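Asker: Let me give you the structure first, and then I'll get to my questions.
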Amino acid sequence: MPTLRKEDEDLSSMRDQLKALSNRHAMEILQVLSPQTGEIVPTLGWDSIVEGMLALDGINKPLPKSKSERTQTLADYESLRQSLMSGGTIYETMNKLIRSGFVISTGDKGRKQRGFMITHEGRLALAAIAKLSGPVGTGTDVQRAAKILLKHKNFVSLLPAQEKFVQEIGDVDSNLVIQMPPGSGKTFLAMIVILLRLQKGVRCLYLSPYTSLSRQIVEEYGTLLQELGYSVVRYDGLSRVSESELENGNLIIAMYESFSTAMLQKKKWTENLGLAIVDELTELDSNTAVEAYTLGTDRSTKLDSVITLLKEQTQIVTLSSRFGETEEVSAWLDAKVFRPSVRLVPDEFIVNKAKDQFDIVSSDGTQRASSSEDDVLDVVMDHLGDYQNKSILVVVGSRYRAQGVARRLARSHPRIVKQDVVERVIGLGENLPLSNRLADTLKFGAAFHHSGVDAGVRERLEREIRNKKIRTVVSTTGITSGISFPFDCVVILLNQSLYYLETRARYLQVAGRIGENHLAQHGGRVYLVFEGPNRNMPNSQAMEEKLLHRPLQPLRPGILYPSLAISILTRNTVNGKKFTQDQLRTLFQDYVNNTYRGTIDNDYRSGMKKFFKTLFNWLVKQGVFEEVESGFKLSKDARSAVRANLDTSDYLRIKSKLARIDDDSDESALIDLLLQTQLPQYLRPPTFMPSKMELKLMGLEPPEDWYVQRLPERNDVKRTVLESWLDEQDVTTILKNAAEKARGINLDEGDLNYLLGFCSQVAESISQFLRTTKKSSLSKRMNVLSRQLQYGVRKDLADADLLELRLLPGDDSPSGRLSRSTARTLYEKGYTSISDVVKKDLGASKEGYARDRFAKNCGLEPDLAKEVYKAALAQIRAKFDEED
């Protein structure tokens with residue numbers, strides 16, 4: 001009985017305390033009375049308390065110019081002060097805080113000299129509320145923006161590094177390099193800066209290295225920004241947007257390569273950008289060997305170019321983990337550095353095979369274990385313990401190894417996964433062979449993830465991983481950059497195929513998939529498994545020294561390659577004005593000197609003088625630059641190519657073949673034209689062949705014989721794939737036929753996505769070029785080809801608008817629109833447009849409803865027919881509303 005009475009008393013006391021804290025101004029009073037860490041608890045009077053409360057809102061007491069002079073600002077301040085003290089509210093609240101034990105008072109009640117001091121219970125209550133509400137202060141713009149984002153994200157608190165940023169940074173008014181570990185919340189800080197700039201009417205750019213990261217940003221912050229009245233536009237290879245949408249966008253989220261192309265072409269929407277967030281600045285470090293068949297694929301050079309062009313006109317904030325010699329980058333950008341000392345790291349273990357057992361040793365040498373299991377995955381899972389309650393990421397060097405390990409774990413360490421999760425990931429679209437194999441492992445709780453997986457499937461898979469519905473993932477290194485997932489453990493199987501993992505910075509990037517938020521709450525482990533030597537790590541000791549103990553290396557971008565250099569030169573001449581060779585040389589050399597590579601490499605800067613001379617003379621010979629009186633001009637056709645989004649190097653590659661194509665040319669000739677351009681050539685299987693001039697400029701030998709000998713076969717594979725796609729063959733058949741043609745290289749659905757997307761874009765660029773050069777009939781044919789490639793249909797259906805029908809409003813993905821097989825069925829039944837779907841079966845004299853007649857006549861299953869009719873009717877109504 002006494003125990004129950006005690007519990008009742010405690011519950012009553014808690015109610016009174018919560019009631020006191022809920023009173024108006026209660027939290028502000030406690031904040032003003034609470035000292036900074038380490039300071040003596042002060043006793044404050046009413047004047048100091050009221051002035052402190054105003055200061056929390058950013059209203060500080062102005063100093064008078066003289067003792068006798070009373071300024072208007074001071075008068076306004078006194079008015080605010082009096083309004084706060086009148087009415088008795090703060091006095092009543094203070095009395096309740098005193099009765100609840102949060103504050104004690106000194107002096108007589110009602111006296112002006114009465115003092116107040118926060119108690120230990122009051123400070124505990126304030127700290128508890130702070131944990132629930134994030135950064136309590138709202139005195140700076142940064143803190144106010146953080147509060148908005150915390151509420152939107154439904155976060156109860158900031159991570160340690162985020163809190164340090166919010167408390168220390170009053171405003172981001174200059175260039176800034178943010179260095180924080182993977183998964184520590186850098187994107188959140190970037191969104192604070194973006195929100196502050198948007199509120200001031202500044203257009204912003206978010207440069208992302210991966211489509212998955214772009215998608216995540218849109219998903220997590222797009223709704224909030226749109227509710228606040230700001231338009232968010234995503235621009236990359238997987239999303240098509242108009243120039244008008246880009247020009248009117250408040251926040252553009254773009255891939256490096258997509259933005260680079262647009263900026264080099266001087267697109268209007270790339271101007272007047274006041275802020276640029278550059279995510280994953282470590283991509284500025286080159287990991288691409290300069291070889292003939294990889295020429296032009298080094299994204300570090302492209303990123304160096306983008307930042308160089310941006311930094312002259314735009315505030316830049318970079319996000320990345322740490323890297324060596326940060327001062328070089330900060331000096332180049334004239335930027336401050338935010339690098340908090342708060343860091344959480346997982347436990348690290350090295351796993352080795354020693355004779356008849358596996359040894360597991362912690363990186364600090366304090367823990368050691370051994371296992372006689374035959375398979376290293378069993379060794380790791382046993383050592384990890386409690387496997388069923390932990391999320392695991394296994395990182396391997398190839399997509400086929402990822403699939404194999406996922407199948408192995410599905411058998412040896414199955415998990416229970418609901419069927420609806422599997423169905424959500426795989427989707428209801430076209431039957432895809434790799435997706436079917438993924439479904440087989442997903443049923444047992446294991447997934448593989450790599451670039452060969454269909455883009456839509458990969459997107460849905462990542463969403464389920466973030467939601468902890470799928471907790472065993474085997475992936476290539478593509479998943480290890482940009483996005484953090486709630487993994488408890490990362491297992492790295494290092495052998496000769498995992499060549500990406502060559503530096504400590506890249507290792508930290510992979511290990512960082514255990515986000516810092518997850519580390520703070522649950523801890524985490526990384527297992528480095530040495531399976532065999534590769535070109536940089538002959539043994540386990542070399543692996544440990546290089547990845548765990550070696551100092552971080554500085555960023556070193558790749559060198560400028562010919563196609564990018566040509567784009568730089570045409571960017572400076574696309575205005576059509578006359579120039580001299582000396583003037584263009586000066587502009588080019590200034591650009592080179594301002595790049596990061598040019599800033600740190602004197603020999604590189606000097607070598608670019610000869611590079612320019614050789615390249616300029618070649619461009620004159622090719623007709624890109626034409627001589628005029630006392631100078632040169634960009635030729636009319638070259639200028640048209642730039643304006644049409646056609647890369648100048650591609651224009652030179654296809655110029656002669658394009659001149660031979662006419663309205664009567666067959667589809668295969670048009671496909672061959674597309675396959676001569678660079679982007680389709682870079683894709684799997686690679687077919688890029690540099691010109692003799694490109695090899696000369698770079699000082700490279702021609703590609704090896706084995707590569708040259710395989711080019712016809714590989715080109716034939718790509719040609720067959722495209723022709724089959726345009727013939728409306730199913731994906732399974734297309735990929736099966738491709739596998740039979742290609743030796744040693746299989747194409748997966750993800751590869752098909754990229755090939756079709758790039759070819760469609762190139763076809764549209766050629767169409768625009770032909771339109772500019774007054775070849776309207778051929779231009780229209782290339783435009784139709786672009787739609788054929790986009791949708792996978794024959795010419796007749798590509799001319800129709802049926803494929804633009806959205807079954808799921810607002811969903812622009814392939815799974816959200818009419819499938820090509822459904823569109824073909826409708827077309828063959830006489831429904832050749834969205835309008836036909838709604839109007840063809842109308843008629844007052846006809847019996848029943850039009851939708852029922854459509855369902856009967858269209859050749860589709862009744863439920864699908866009604867869904868199609870409903871979507872078509874909604875789309876036509878929406879169009880009428882827009883016109884009104």
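How things are named: the first chain in the structure tokens is A, the next is B, and so on; residues count from 1 in each chain; ligands count from 1 in the order shown.
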So that I can see what lies close to stretch 470-475 of chain A, please list as an MDAnalysis selection string the residues with an atom at most 8 Å from it, counting only C-alpha atoms and leaving out residues fewer than 3 positions away in the same chain.
Answerer: chainID A and resid 390:396 399 402:403 405:406 417 442 445:450 464:465 467 478:479 487
Asker: Please produce a file of the residues just selected, as a short mmCIF file (atom, residue, chain, number, x, y, z; two decimals), in the first residue's frame, where the atoms kept are N, CA, C and O atoms.
Answerer:
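Saved result, part25.cif, follows:
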data_model
loop_
_atom_site.label_atom_id
_atom_site.label_comp_id
_atom_site.auth_asym_id
_atom_site.auth_seq_id
_atom_site.Cartn_x
_atom_site.Cartn_y
_atom_site.Cartn_z
N LYS A 390 20.71 -8.16 -37.16
CA LYS A 390 21.67 -7.16 -37.65
C LYS A 390 21.61 -7.06 -39.17
O LYS A 390 21.35 -8.04 -39.86
N SER A 391 21.86 -5.85 -39.67
CA SER A 391 21.88 -5.61 -41.11
C SER A 391 23.31 -5.69 -41.61
O SER A 391 24.21 -5.08 -41.03
N ILE A 392 23.52 -6.43 -42.72
CA ILE A 392 24.86 -6.73 -43.21
C ILE A 392 25.03 -6.25 -44.64
O ILE A 392 24.16 -6.48 -45.49
N LEU A 393 26.14 -5.59 -44.92
CA LEU A 393 26.53 -5.25 -46.29
C LEU A 393 27.83 -5.97 -46.61
O LEU A 393 28.83 -5.81 -45.90
N VAL A 394 27.83 -6.76 -47.67
CA VAL A 394 29.04 -7.42 -48.15
C VAL A 394 29.45 -6.73 -49.45
O VAL A 394 28.66 -6.63 -50.39
N VAL A 395 30.69 -6.24 -49.51
CA VAL A 395 31.19 -5.50 -50.68
C VAL A 395 32.17 -6.39 -51.44
O VAL A 395 33.13 -6.91 -50.87
N VAL A 396 31.90 -6.54 -52.75
CA VAL A 396 32.74 -7.39 -53.60
C VAL A 396 33.16 -6.60 -54.84
O VAL A 396 32.72 -5.47 -55.06
N ARG A 399 29.97 -7.69 -60.39
CA ARG A 399 28.53 -7.91 -60.29
C ARG A 399 28.20 -9.40 -60.19
O ARG A 399 27.25 -9.78 -59.48
N ALA A 402 28.76 -10.59 -56.74
CA ALA A 402 27.68 -10.10 -55.88
C ALA A 402 26.48 -11.04 -55.95
O ALA A 402 25.88 -11.40 -54.92
N GLN A 403 26.14 -11.47 -57.17
CA GLN A 403 25.01 -12.38 -57.33
C GLN A 403 25.28 -13.73 -56.68
O GLN A 403 24.42 -14.31 -56.01
N VAL A 405 27.43 -14.47 -54.16
CA VAL A 405 27.47 -14.39 -52.70
C VAL A 405 26.07 -14.22 -52.13
O VAL A 405 25.73 -14.78 -51.08
N ALA A 406 25.22 -13.47 -52.83
CA ALA A 406 23.83 -13.30 -52.37
C ALA A 406 23.10 -14.64 -52.37
O ALA A 406 22.36 -14.96 -51.42
N VAL A 417 11.35 -12.66 -45.08
CA VAL A 417 10.95 -11.43 -45.77
C VAL A 417 9.55 -11.63 -46.33
O VAL A 417 9.27 -12.64 -46.98
N LEU A 442 15.76 -12.63 -52.80
CA LEU A 442 15.00 -11.79 -51.88
C LEU A 442 14.03 -12.60 -51.04
O LEU A 442 13.74 -12.24 -49.89
N GLY A 445 15.64 -13.25 -47.98
CA GLY A 445 16.18 -12.13 -47.23
C GLY A 445 17.51 -11.59 -47.69
O GLY A 445 18.09 -10.74 -47.01
N ALA A 446 18.04 -12.05 -48.84
CA ALA A 446 19.34 -11.57 -49.33
C ALA A 446 19.15 -10.89 -50.69
O ALA A 446 18.39 -11.37 -51.53
N ALA A 447 19.85 -9.78 -50.89
CA ALA A 447 19.74 -9.03 -52.15
C ALA A 447 21.13 -8.78 -52.71
O ALA A 447 22.10 -8.66 -51.96
N PHE A 448 21.22 -8.70 -54.05
CA PHE A 448 22.44 -8.19 -54.68
C PHE A 448 22.12 -6.85 -55.31
O PHE A 448 20.99 -6.57 -55.70
N HIS A 449 23.15 -6.01 -55.40
CA HIS A 449 22.96 -4.63 -55.88
C HIS A 449 24.16 -4.26 -56.73
O HIS A 449 25.30 -4.32 -56.27
N HIS A 450 23.92 -3.91 -57.99
CA HIS A 450 24.99 -3.41 -58.86
C HIS A 450 24.37 -2.68 -60.04
O HIS A 450 23.14 -2.65 -60.19
N GLU A 464 13.77 -0.10 -49.65
CA GLU A 464 13.49 -1.16 -48.68
C GLU A 464 14.67 -1.41 -47.76
O GLU A 464 14.50 -1.77 -46.59
N ILE A 465 15.89 -1.21 -48.27
CA ILE A 465 17.09 -1.35 -47.41
C ILE A 465 17.07 -0.25 -46.35
O ILE A 465 17.34 -0.52 -45.17
N ASN A 467 14.54 1.18 -45.12
CA ASN A 467 13.44 0.90 -44.19
C ASN A 467 13.67 -0.37 -43.38
O ASN A 467 12.78 -0.81 -42.65
N GLY A 478 29.36 0.48 -56.06
CA GLY A 478 28.41 1.53 -56.42
C GLY A 478 27.52 1.98 -55.29
O GLY A 478 27.12 3.13 -55.23
N ILE A 479 27.19 1.07 -54.36
CA ILE A 479 26.31 1.42 -53.26
C ILE A 479 27.06 2.14 -52.14
O ILE A 479 26.46 2.66 -51.22
N PHE A 487 23.20 -0.06 -41.79
CA PHE A 487 23.91 -1.33 -41.66
C PHE A 487 24.62 -1.39 -40.31
O PHE A 487 25.16 -0.40 -39.82
#
Asker: Quick one: DSSP strand (DSSP E) residues in stretch 568-801 of chain A, as a PyMOL selection string?
Answerer: chain A and resi 625-628+631-634
Asker: Extract, using only C-alpha atoms, all DNA, RNA and protein residues at most 10 Å from stretch 235-244 of chain A, discarding same-chain residues fewer than 4 positions from it, and format them as a list of chain:residue names.
Answerer: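 Everything that qualifies: A:Leu207, A:Ser208, A:Tyr210, A:Thr211, A:Ser214, A:Asn248, A:Gly249, A:Ile252, A:Ile253, A:Ala254, A:Met255, A:Tyr256, A:Glu257, A:Ser258, A:Phe259, A:Lys267, A:Lys268, A:Trp269, A:Ala455, A:Gly456, A:Asn753, A:Tyr754, A:Gly757, A:Phe758, A:Gln761, A:Asp812, A:Ser813.
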Asker: Hey, can you spit out that residue selection with C-alpha atoms as a short mmCIF file (atom, residue, chain, number, x, y, z; two decimals), in the first residue's frame?
Answerer:
data_model
loop_
_atom_site.label_atom_id
_atom_site.label_comp_id
_atom_site.auth_asym_id
_atom_site.auth_seq_id
_atom_site.Cartn_x
_atom_site.Cartn_y
_atom_site.Cartn_z
CA LEU A 207 25.73 18.79 -57.75
CA SER A 208 25.41 15.06 -57.11
CA TYR A 210 25.03 9.59 -58.38
CA THR A 211 21.41 9.35 -59.53
CA SER A 214 19.80 12.89 -56.45
CA ASN A 248 12.39 28.63 -63.50
CA GLY A 249 13.71 26.14 -60.95
CA ILE A 252 18.36 22.31 -59.47
CA ILE A 253 19.62 18.87 -58.43
CA ALA A 254 21.98 17.77 -61.21
CA MET A 255 24.56 15.10 -61.92
CA TYR A 256 28.15 16.27 -62.48
CA GLU A 257 28.17 15.19 -66.12
CA SER A 258 24.72 16.55 -66.97
CA PHE A 259 25.49 19.97 -65.52
CA LYS A 267 22.61 27.11 -71.32
CA LYS A 268 20.63 30.00 -69.93
CA TRP A 269 19.52 28.08 -66.84
CA ALA A 455 17.23 1.41 -62.47
CA GLY A 456 13.66 1.29 -61.16
CA ASN A 753 18.67 1.25 -69.55
CA TYR A 754 21.81 3.32 -69.99
CA GLY A 757 18.80 6.44 -72.58
CA PHE A 758 22.04 7.78 -74.02
CA GLN A 761 19.42 11.68 -75.99
CA ASP A 812 7.25 9.66 -64.44
CA SER A 813 9.05 6.30 -64.17
#
Asker: Find the residues of stretch 171-199 of chain A that sit at most 8 Å from stretch 337-340 of chain A; for each, write down the nearest two atoms and how far apart they are in Å, to one decimal. Count only C-alpha atoms. Sort by chain, then by number going up, and give it as a Markdown table.
Answerer:
| residue | atom | partner | partner_atom | distance |
| --- | --- | --- | --- | --- |
| A:Leu176 | CA | A:Val337 | CA | 5.7 |
| A:Val177 | CA | A:Val337 | CA | 4.7 |
| A:Ile178 | CA | A:Phe338 | CA | 4.9 |
| A:Gln179 | CA | A:Arg339 | CA | 5.0 |
| A:Met180 | CA | A:Arg339 | CA | 6.3 |
Asker: Quick one: everything within 10 Å of A:Phe323, counting only C-alpha atoms, minus sequence neighbours fewer than 5 positions away in the same chain. Send it as a PDB file with C-alpha atoms, in the first residue's frame.
Answerer:
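Output below, filename around.pdb:
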ATOM      1  CA  GLN A 179      34.633  17.617 -44.040  1.00  0.00           C
ATOM      2  CA  LEU A 281      34.376  16.373 -53.341  1.00  0.00           C
ATOM      3  CA  THR A 282      36.606  13.309 -53.064  1.00  0.00           C
ATOM      4  CA  ASP A 285      40.629  12.526 -57.035  1.00  0.00           C
ATOM      5  CA  VAL A 329      41.738  22.840 -51.837  1.00  0.00           C
ATOM      6  CA  ARG A 504      42.469   4.787 -47.188  1.00  0.00           C
ATOM      7  CA  ALA A 505      39.997   7.464 -48.327  1.00  0.00           C
ATOM      8  CA  PRO A 551      47.788   8.945 -43.893  1.00  0.00           C
ATOM      9  CA  LEU A 552      45.037  10.249 -46.129  1.00  0.00           C
ATOM     10  CA  GLN A 553      46.264  11.185 -49.593  1.00  0.00           C
ATOM     11  CA  PRO A 554      45.615  14.586 -51.208  1.00  0.00           C
ATOM     12  CA  LEU A 555      43.143  14.937 -54.082  1.00  0.00           C
TER      13      LEU A 555
END
Asker: Mind the document's chain letters and residue numbers, and return as a ChimeraX atom specification the residues of stretch 581-779 of chain A that DSSP labels helix (DSSP H, G or I).
Answerer: /A:581-594,596-600,602-621,636-643,648-660,667-674,678-682,692-698,705-726,731-741,749-772,776-779
Asker: Could you pull the residues within 7 Å of stretch 543-547 of chain A, counting only C-alpha atoms, minus those fewer than 4 positions along the same chain, as a list in words?
Answerer: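 Final neighbour list, sorted by chain and number: Thr503, Arg504, Tyr507, Met537 and Asn539 of chain A.
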Asker: Could you give me, as a PyMOL selection string, the residues within 12 Å of A:Asp663, counting only C-alpha atoms and dropping anything in the same chain fewer than 5 positions from it?
Answerer: chain A and resi 658+669-670+770+775-782
Asker: Could you write out the selected residues, including N, CA, C and O atoms, as a short mmCIF file (atom, residue, chain, number, x, y, z; two decimals), in the first residue's frame?
Answerer:
data_model
loop_
_atom_site.label_atom_id
_atom_site.label_comp_id
_atom_site.auth_asym_id
_atom_site.auth_seq_id
_atom_site.Cartn_x
_atom_site.Cartn_y
_atom_site.Cartn_z
N LEU A 658 26.78 11.73 -91.46
CA LEU A 658 25.52 12.48 -91.42
C LEU A 658 25.22 13.12 -92.77
O LEU A 658 24.05 13.21 -93.18
N ALA A 669 21.06 2.35 -90.56
CA ALA A 669 22.02 3.43 -90.84
C ALA A 669 21.96 4.50 -89.75
O ALA A 669 22.99 5.05 -89.35
N LEU A 670 20.75 4.77 -89.26
CA LEU A 670 20.59 5.77 -88.19
C LEU A 670 21.19 5.25 -86.88
O LEU A 670 21.81 6.01 -86.13
N LEU A 770 19.86 19.07 -86.98
CA LEU A 770 19.31 19.03 -88.33
C LEU A 770 18.23 20.09 -88.52
O LEU A 770 18.10 20.68 -89.60
N LYS A 775 17.19 20.98 -92.23
CA LYS A 775 16.87 19.66 -92.76
C LYS A 775 15.71 19.10 -91.94
O LYS A 775 15.85 18.17 -91.16
N SER A 776 14.55 19.71 -92.12
CA SER A 776 13.41 19.46 -91.24
C SER A 776 12.87 18.04 -91.32
O SER A 776 12.50 17.44 -90.31
N SER A 777 12.85 17.45 -92.52
CA SER A 777 12.29 16.11 -92.67
C SER A 777 13.15 15.08 -91.94
O SER A 777 12.64 14.23 -91.20
N LEU A 778 14.47 15.16 -92.14
CA LEU A 778 15.38 14.24 -91.46
C LEU A 778 15.41 14.51 -89.96
O LEU A 778 15.55 13.60 -89.14
N SER A 779 15.25 15.78 -89.60
CA SER A 779 15.18 16.15 -88.18
C SER A 779 14.00 15.47 -87.50
O SER A 779 14.13 14.92 -86.40
N LYS A 780 12.85 15.48 -88.19
CA LYS A 780 11.67 14.83 -87.61
C LYS A 780 11.90 13.33 -87.47
O LYS A 780 11.49 12.72 -86.49
N ARG A 781 12.56 12.73 -88.45
CA ARG A 781 12.83 11.29 -88.39
C ARG A 781 13.71 10.96 -87.19
O ARG A 781 13.48 9.96 -86.48
N MET A 782 14.73 11.78 -86.92
CA MET A 782 15.60 11.54 -85.76
C MET A 782 14.84 11.75 -84.46
O MET A 782 15.10 11.07 -83.46
#
Asker: To one decimal in Å, tell me the separation between atom CA of A:Pro680 and atom CA of A:Pro557.
Answerer: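 Here the two named atoms are 24.3 Å from each other.
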Asker: May I have the residues within 12 Å of A:Val306 as a VMD selection string, using only C-alpha atoms and disregarding those fewer than 4 positions away in the same chain?
Answerer: chain A and resid 207 254 to 264 270 276 to 278 281 284 299 to 302 310 to 314 316 564 568 591 594 to 596
Asker: Write the residues of the preceding selection, restricted to N, CA and C atoms, as a tab-separated table (two decimals), in the first residue's frame.
Answerer:
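Writing the result to part-v9.tsv gives the following:
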chain	number	residue	atom	x	y	z
A	207	LEU	N	25.01	19.67	-56.84
A	207	LEU	CA	25.73	18.79	-57.75
A	207	LEU	C	25.93	17.43	-57.07
A	254	ALA	N	21.42	18.24	-59.93
A	254	ALA	CA	21.98	17.77	-61.21
A	254	ALA	C	23.18	16.86	-60.98
A	255	MET	N	23.36	15.92	-61.90
A	255	MET	CA	24.56	15.10	-61.92
A	255	MET	C	25.74	15.91	-62.44
A	256	TYR	N	26.95	15.58	-62.00
A	256	TYR	CA	28.15	16.27	-62.48
A	256	TYR	C	28.15	16.39	-64.00
A	257	GLU	N	28.02	15.23	-64.67
A	257	GLU	CA	28.17	15.19	-66.12
A	257	GLU	C	27.08	15.98	-66.82
A	258	SER	N	25.85	15.85	-66.34
A	258	SER	CA	24.72	16.55	-66.97
A	258	SER	C	24.91	18.06	-66.88
A	259	PHE	N	25.30	18.53	-65.69
A	259	PHE	CA	25.49	19.97	-65.52
A	259	PHE	C	26.70	20.46	-66.30
A	260	SER	N	27.76	19.66	-66.33
A	260	SER	CA	28.96	20.06	-67.06
A	260	SER	C	28.63	20.32	-68.53
A	261	THR	N	27.89	19.40	-69.14
A	261	THR	CA	27.51	19.56	-70.55
A	261	THR	C	26.71	20.83	-70.76
A	262	ALA	N	25.73	21.06	-69.88
A	262	ALA	CA	24.88	22.25	-70.01
A	262	ALA	C	25.68	23.54	-69.81
A	263	MET	N	26.61	23.53	-68.88
A	263	MET	CA	27.40	24.73	-68.61
A	263	MET	C	28.37	25.03	-69.75
A	264	LEU	N	28.95	23.99	-70.31
A	264	LEU	CA	29.88	24.18	-71.43
A	264	LEU	C	29.14	24.69	-72.67
A	270	THR	N	21.94	27.77	-66.53
A	270	THR	CA	23.15	27.61	-65.72
A	270	THR	C	23.68	28.95	-65.22
A	276	ALA	N	26.19	26.86	-55.04
A	276	ALA	CA	26.38	25.50	-55.58
A	276	ALA	C	26.90	24.60	-54.47
A	277	ILE	N	26.17	23.54	-54.18
A	277	ILE	CA	26.62	22.50	-53.26
A	277	ILE	C	27.30	21.42	-54.10
A	278	VAL	N	28.55	21.12	-53.81
A	278	VAL	CA	29.27	20.07	-54.52
A	278	VAL	C	29.42	18.88	-53.58
A	281	LEU	N	33.23	15.71	-52.73
A	281	LEU	CA	34.38	16.37	-53.34
A	281	LEU	C	35.53	15.41	-53.56
A	284	LEU	N	36.99	14.43	-56.86
A	284	LEU	CA	38.01	15.24	-57.53
A	284	LEU	C	39.34	14.49	-57.64
A	299	ARG	N	35.97	11.27	-64.49
A	299	ARG	CA	35.03	12.29	-64.02
A	299	ARG	C	35.71	13.33	-63.13
A	300	SER	N	36.89	13.02	-62.57
A	300	SER	CA	37.59	14.01	-61.74
A	300	SER	C	37.96	15.23	-62.57
A	301	THR	N	38.34	15.01	-63.84
A	301	THR	CA	38.67	16.12	-64.73
A	301	THR	C	37.45	16.97	-65.01
A	302	LYS	N	36.32	16.31	-65.22
A	302	LYS	CA	35.07	17.04	-65.49
A	302	LYS	C	34.63	17.84	-64.27
A	310	LEU	N	32.39	27.47	-62.11
A	310	LEU	CA	31.41	27.96	-61.15
A	310	LEU	C	31.98	28.97	-60.17
A	311	LYS	N	33.22	28.73	-59.74
A	311	LYS	CA	33.73	29.51	-58.61
A	311	LYS	C	33.96	30.98	-58.93
A	312	GLU	N	33.93	31.33	-60.21
A	312	GLU	CA	34.08	32.73	-60.57
A	312	GLU	C	32.80	33.51	-60.35
A	313	GLN	N	31.65	32.83	-60.26
A	313	GLN	CA	30.37	33.53	-60.21
A	313	GLN	C	29.45	33.06	-59.10
A	314	THR	N	29.81	31.97	-58.39
A	314	THR	CA	28.87	31.32	-57.48
A	314	THR	C	29.54	30.98	-56.16
A	316	ILE	N	30.34	28.53	-53.30
A	316	ILE	CA	30.50	27.08	-53.35
A	316	ILE	C	30.64	26.51	-51.95
A	564	LEU	N	36.96	17.31	-73.87
A	564	LEU	CA	36.60	18.36	-72.91
A	564	LEU	C	37.28	19.67	-73.28
A	568	ILE	N	35.62	23.38	-74.03
A	568	ILE	CA	36.05	24.63	-73.39
A	568	ILE	C	36.28	25.71	-74.45
A	591	TYR	N	41.98	29.45	-68.10
A	591	TYR	CA	41.12	28.37	-67.59
A	591	TYR	C	41.97	27.27	-66.96
A	594	ASN	N	43.43	28.11	-63.65
A	594	ASN	CA	42.46	28.23	-62.56
A	594	ASN	C	41.88	26.89	-62.12
A	595	THR	N	42.14	25.82	-62.89
A	595	THR	CA	41.69	24.51	-62.43
A	595	THR	C	42.51	24.09	-61.22
A	596	TYR	N	41.97	23.13	-60.47
A	596	TYR	CA	42.72	22.65	-59.32
A	596	TYR	C	44.00	21.95	-59.76
Asker: Would you work out the distance separating atom CA of A:Asn645 from atom CA of A:Arg571, expressed in Å to one decimal?
Answerer: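 Computed distance, atom CA of A:Asn645 to atom CA of A:Arg571, equals 11.9 Å.
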Asker: Ranking A:Val529, A:Gly385, A:Lys839, A:Gln509 by minimum distance to A:Ser362 and counting only C-alpha atoms, which one comes first?
Answerer: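 Closest to A:Ser362, using only C-alpha atoms: A:Val529.
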Asker: Go through A:Arg401, A:Arg506, A:Arg144, A:Lys418 and flag the residue nearest A:Arg322, using only C-alpha atoms for the distances.
Answerer: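 The closest residue to A:Arg322 is A:Arg506.
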Asker: Can you work out the spacing between atom CA of A:Ala439 and atom CA of A:Val422 in Å, to one decimal?
Answerer: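 So the two atoms, atom CA of A:Ala439 and atom CA of A:Val422, lie 6.4 Å apart.
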Asker: Using only C-alpha atoms, which of the listed residues (A:Glu740, A:Asp47, A:Glu283, A:Glu327) sits closest to A:Met85?
Answerer: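 Once distances to A:Met85 are computed over only C-alpha atoms, the minimum belongs to A:Asp47.
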